[in-house]
Amino acid sequence: MWWNWAVMNLKTALTFIRDIPDYPKPGILFKDITPLLADGQAFQAVVDAFSVEIRNSEIIAGIEARGFIFAAAIAAQTQRGFVPFRKSGKLPYKTYGAKYGLEYGQDEIEVHIDSFAGGKTITIVDDVLATGGTISAAIELALLAGAKIESVLVLFEIAGLGGRESLSNKYPEIEIRSLVSS
């Protein structure tokens with residue numbers, strides 16, 4: 001049969017994440033999720049694990065680029081809307097933008113100004129929580145666009161970089177959940 005109906009567990013799925021040392025610059029240990037995404041059962045196991053974490057959110061918002069791969073799949077599986085936070089200049093309508101620092105540089109993301117019209121309740125999804133800069137920018141934009149943020153979900157948290165602490169200090173009312181932490 002062309003389809004294998006076996007279900008992979010989350011622990012096995014997470015073994016598909018590979019470490020890439022010194023990428024994109026020396027001293028950074030990059031978590032490459034492309035092998036996980038390339039395996040249908042591993043990808044489904046992660047989407048399933050994320051999906052059970054969704055409670056009252058009307059919108060699943062994903063951060064470019066890897067975060068919105070997961071967010072779109074979660075939104076489809078839970079029958080909720082999807083909104084992308086995109087890199088600057090990629091969205092066609094009026095936007096709010098926020099610059100943020102990364103452990104290896106600086107960037108900017110944007111969201112359409114009407115993405116969360118009417119005060120939609122949302123969950124923000126990203127692949128990795130490191131220093132918290134990207135997620136903090138997404139939270140700032142979501143609030144500016146009128147969202148009520150229920151939670152932030154991440155696949156992988158790098159605990160030693162202080163992202164959770166930074167976000168919790170700045171936004172104590174927002175729950176942060178990760179599927180795995182190092």
# chains A, B, ... in the order shown; residues from 1 in each chain; ligands from 1
>>> residues_around(residues="Ser51 (chain A)", least_positions_apart="2", cutoff="8 Å", atoms="only C-alpha atoms", output="mmCIF file with N, CA, C and O atoms, in the first residue's frame")
data_model
loop_
_atom_site.group_PDB
_atom_site.id
_atom_site.type_symbol
_atom_site.label_atom_id
_atom_site.label_comp_id
_atom_site.auth_asym_id
_atom_site.auth_seq_id
_atom_site.Cartn_x
_atom_site.Cartn_y
_atom_site.Cartn_z
ATOM 1 N N VAL A 47 2.844 18.416 14.327
ATOM 2 C CA VAL A 47 1.599 19.174 14.153
ATOM 3 C C VAL A 47 0.541 18.683 15.142
ATOM 4 O O VAL A 47 -0.170 19.485 15.758
ATOM 5 N N ASP A 48 0.462 17.368 15.344
ATOM 6 C CA ASP A 48 -0.487 16.819 16.317
ATOM 7 C C ASP A 48 -0.189 17.331 17.725
ATOM 8 O O ASP A 48 -1.099 17.720 18.464
ATOM 9 N N ALA A 49 1.092 17.318 18.099
ATOM 10 C CA ALA A 49 1.485 17.774 19.437
ATOM 11 C C ALA A 49 1.174 19.256 19.624
ATOM 12 O O ALA A 49 0.691 19.671 20.686
ATOM 13 N N GLU A 53 -2.353 21.727 21.923
ATOM 14 C CA GLU A 53 -2.054 22.896 22.764
ATOM 15 C C GLU A 53 -2.960 24.085 22.444
ATOM 16 O O GLU A 53 -2.977 25.073 23.182
ATOM 17 N N ILE A 54 -3.695 24.039 21.346
ATOM 18 C CA ILE A 54 -4.566 25.147 20.946
ATOM 19 C C ILE A 54 -5.849 25.071 21.758
ATOM 20 O O ILE A 54 -6.504 24.036 21.799
ATOM 21 N N ILE A 74 -1.069 23.646 11.589
ATOM 22 C CA ILE A 74 -1.870 23.615 12.813
ATOM 23 C C ILE A 74 -3.221 24.269 12.567
ATOM 24 O O ILE A 74 -4.262 23.750 13.000
ATOM 25 N N GLN A 77 -5.369 21.899 10.583
ATOM 26 C CA GLN A 77 -5.794 20.740 11.371
ATOM 27 C C GLN A 77 -6.847 21.113 12.417
ATOM 28 O O GLN A 77 -7.745 20.326 12.694
ATOM 29 N N THR A 78 -6.745 22.297 12.992
ATOM 30 C CA THR A 78 -7.683 22.713 14.036
ATOM 31 C C THR A 78 -8.823 23.585 13.502
ATOM 32 O O THR A 78 -9.628 24.088 14.268
#
>>> closest_atom_pairs(of="region 9-63 of chain A", to="region 139-163 of chain A", cutoff="10 Å", atoms="only C-alpha atoms", output="JSON lines")
{"residue": "A:Leu14", "atom": "CA", "partner": "A:Leu155", "partner_atom": "CA", "distance": 9.1}
{"residue": "A:Ile17", "atom": "CA", "partner": "A:Phe156", "partner_atom": "CA", "distance": 9.7}
{"residue": "A:Lys31", "atom": "CA", "partner": "A:Phe156", "partner_atom": "CA", "distance": 8.5}
{"residue": "A:Ile33", "atom": "CA", "partner": "A:Leu155", "partner_atom": "CA", "distance": 9.6}
{"residue": "A:Val46", "atom": "CA", "partner": "A:Leu155", "partner_atom": "CA", "distance": 8.0}
{"residue": "A:Val47", "atom": "CA", "partner": "A:Leu155", "partner_atom": "CA", "distance": 9.8}
{"residue": "A:Ala49", "atom": "CA", "partner": "A:Leu155", "partner_atom": "CA", "distance": 9.5}
{"residue": "A:Phe50", "atom": "CA", "partner": "A:Leu153", "partner_atom": "CA", "distance": 7.4}
{"residue": "A:Glu53", "atom": "CA", "partner": "A:Leu153", "partner_atom": "CA", "distance": 8.1}
{"residue": "A:Ile54", "atom": "CA", "partner": "A:Ser151", "partner_atom": "CA", "distance": 8.6}
{"residue": "A:Arg55", "atom": "CA", "partner": "A:Glu150", "partner_atom": "CA", "distance": 8.3}
{"residue": "A:Asn56", "atom": "CA", "partner": "A:Glu150", "partner_atom": "CA", "distance": 7.5}
{"residue": "A:Ser57", "atom": "CA", "partner": "A:Glu150", "partner_atom": "CA", "distance": 6.6}
{"residue": "A:Glu58", "atom": "CA", "partner": "A:Glu150", "partner_atom": "CA", "distance": 9.8}
{"residue": "A:Ile59", "atom": "CA", "partner": "A:Ala147", "partner_atom": "CA", "distance": 9.4}
{"residue": "A:Ile60", "atom": "CA", "partner": "A:Val152", "partner_atom": "CA", "distance": 9.8}
{"residue": "A:Ala61", "atom": "CA", "partner": "A:Ala142", "partner_atom": "CA", "distance": 9.0}
{"residue": "A:Gly62", "atom": "CA", "partner": "A:Leu153", "partner_atom": "CA", "distance": 9.6}
>>> write_last_selection(atoms="all heavy atoms", output="compact mmCIF listing (two decimals), in the first residue's frame")
# COMPACT_ATOMS: atom_id res chain seq x y z
N LEU A 14 11.22 14.16 16.93
CA LEU A 14 12.20 15.19 17.28
C LEU A 14 13.64 14.76 16.99
O LEU A 14 14.52 15.61 16.85
CB LEU A 14 12.05 15.59 18.75
CG LEU A 14 10.73 16.28 19.09
CD1 LEU A 14 10.61 16.49 20.59
CD2 LEU A 14 10.55 17.57 18.33
N ILE A 17 15.51 16.41 13.96
CA ILE A 17 16.15 17.73 14.01
C ILE A 17 17.66 17.52 14.09
O ILE A 17 18.14 16.79 14.95
CB ILE A 17 15.66 18.55 15.22
CG1 ILE A 17 14.15 18.76 15.15
CG2 ILE A 17 16.40 19.88 15.30
CD1 ILE A 17 13.54 19.35 16.42
N LYS A 31 19.56 24.76 14.59
CA LYS A 31 18.68 23.60 14.66
C LYS A 31 17.96 23.47 13.32
O LYS A 31 17.06 24.25 13.02
CB LYS A 31 17.68 23.74 15.80
CG LYS A 31 18.33 23.82 17.17
CD LYS A 31 19.01 22.52 17.52
CE LYS A 31 19.58 22.55 18.92
NZ LYS A 31 20.21 21.30 19.28
N ILE A 33 15.42 21.91 10.93
CA ILE A 33 14.20 21.11 10.99
C ILE A 33 13.81 20.54 9.64
O ILE A 33 12.82 19.82 9.54
CB ILE A 33 13.02 21.93 11.56
CG1 ILE A 33 12.67 23.11 10.66
CG2 ILE A 33 13.30 22.37 12.99
CD1 ILE A 33 11.34 23.75 10.95
N VAL A 46 4.56 16.28 15.03
CA VAL A 46 4.77 17.61 15.60
C VAL A 46 3.50 18.45 15.48
O VAL A 46 3.09 19.12 16.43
CB VAL A 46 5.98 18.30 14.94
CG1 VAL A 46 6.08 19.76 15.34
CG2 VAL A 46 7.27 17.57 15.31
N VAL A 47 2.84 18.42 14.33
CA VAL A 47 1.60 19.17 14.15
C VAL A 47 0.54 18.68 15.14
O VAL A 47 -0.17 19.48 15.76
CB VAL A 47 1.10 19.09 12.70
CG1 VAL A 47 -0.30 19.69 12.55
CG2 VAL A 47 2.08 19.81 11.77
N ALA A 49 1.09 17.32 18.10
CA ALA A 49 1.49 17.77 19.44
C ALA A 49 1.17 19.26 19.62
O ALA A 49 0.69 19.67 20.69
CB ALA A 49 2.98 17.50 19.66
N PHE A 50 1.44 20.06 18.61
CA PHE A 50 1.09 21.47 18.68
C PHE A 50 -0.42 21.66 18.75
O PHE A 50 -0.93 22.48 19.52
CB PHE A 50 1.60 22.22 17.44
CG PHE A 50 3.00 22.76 17.53
CD1 PHE A 50 3.86 22.62 16.45
CD2 PHE A 50 3.46 23.44 18.63
CE1 PHE A 50 5.14 23.13 16.47
CE2 PHE A 50 4.74 23.96 18.68
CZ PHE A 50 5.58 23.81 17.59
N GLU A 53 -2.35 21.73 21.92
CA GLU A 53 -2.05 22.90 22.76
C GLU A 53 -2.96 24.09 22.44
O GLU A 53 -2.98 25.07 23.18
CB GLU A 53 -0.60 23.32 22.60
CG GLU A 53 0.42 22.27 23.02
CD GLU A 53 0.47 22.06 24.53
OE1 GLU A 53 0.18 23.02 25.28
OE2 GLU A 53 0.77 20.94 24.95
N ILE A 54 -3.69 24.04 21.35
CA ILE A 54 -4.57 25.15 20.95
C ILE A 54 -5.85 25.07 21.76
O ILE A 54 -6.50 24.04 21.80
CB ILE A 54 -4.88 25.09 19.43
CG1 ILE A 54 -3.58 25.09 18.61
CG2 ILE A 54 -5.80 26.24 19.03
CD1 ILE A 54 -2.68 26.29 18.82
N ARG A 55 -6.21 26.18 22.36
CA ARG A 55 -7.40 26.21 23.20
C ARG A 55 -8.48 27.09 22.59
O ARG A 55 -9.34 26.63 21.89
CB ARG A 55 -7.02 26.64 24.61
CG ARG A 55 -6.07 25.63 25.26
CD ARG A 55 -5.70 26.00 26.66
NE ARG A 55 -4.76 25.02 27.17
CZ ARG A 55 -3.53 25.31 27.56
NH1 ARG A 55 -3.09 26.53 27.52
NH2 ARG A 55 -2.74 24.36 28.01
N ASN A 56 -8.43 28.38 22.88
CA ASN A 56 -9.50 29.30 22.47
C ASN A 56 -9.12 30.20 21.31
O ASN A 56 -9.90 31.06 20.93
CB ASN A 56 -9.91 30.17 23.66
CG ASN A 56 -10.43 29.33 24.81
OD1 ASN A 56 -11.25 28.45 24.60
ND2 ASN A 56 -9.95 29.58 26.00
N SER A 57 -7.94 30.03 20.77
CA SER A 57 -7.49 30.92 19.69
C SER A 57 -8.33 30.76 18.44
O SER A 57 -8.66 29.65 18.03
CB SER A 57 -6.02 30.65 19.36
OG SER A 57 -5.20 31.04 20.43
N GLU A 58 -8.63 31.91 17.82
CA GLU A 58 -9.34 31.93 16.56
C GLU A 58 -8.38 31.93 15.38
O GLU A 58 -8.73 31.50 14.28
CB GLU A 58 -10.20 33.20 16.46
CG GLU A 58 -11.21 33.33 17.58
CD GLU A 58 -11.74 34.74 17.69
OE1 GLU A 58 -12.72 35.05 16.99
OE2 GLU A 58 -11.16 35.53 18.47
N ILE A 59 -7.17 32.44 15.63
CA ILE A 59 -6.14 32.57 14.59
C ILE A 59 -4.85 31.94 15.09
O ILE A 59 -4.45 32.14 16.23
CB ILE A 59 -5.86 34.06 14.28
CG1 ILE A 59 -7.12 34.79 13.82
CG2 ILE A 59 -4.70 34.22 13.30
CD1 ILE A 59 -7.55 34.48 12.41
N ILE A 60 -4.19 31.22 14.18
CA ILE A 60 -2.84 30.71 14.45
C ILE A 60 -1.92 31.56 13.60
O ILE A 60 -2.03 31.58 12.37
CB ILE A 60 -2.70 29.22 14.08
CG1 ILE A 60 -3.84 28.38 14.69
CG2 ILE A 60 -1.32 28.70 14.49
CD1 ILE A 60 -3.96 28.44 16.19
N ALA A 61 -1.03 32.30 14.24
CA ALA A 61 -0.13 33.22 13.54
C ALA A 61 1.28 32.63 13.56
O ALA A 61 1.78 32.25 14.62
CB ALA A 61 -0.15 34.59 14.21
N GLY A 62 1.91 32.56 12.40
CA GLY A 62 3.24 31.98 12.29
C GLY A 62 4.27 32.99 11.83
O GLY A 62 3.98 33.87 11.02
>>> closest_residue(among="A:Ala38, A:Tyr100, A:Ala73, A:Val180", to="Lys11 (chain A)", atoms="only C-alpha atoms")
A:Val180
>>> closest_residue(among="A:Asn169, A:Thr34, A:Ser115, A:Arg66", to="Asp19 (chain A)", atoms="only C-alpha atoms")
A:Thr34
>>> atom_distance(atom1="CA of Asp114 (chain A)", atom2="CA of Ile63 (chain A)")
16.7 Å
>>> atom_distance(atom1="CA of Glu108 (chain A)", atom2="CA of Gln79 (chain A)")
29.0 Å
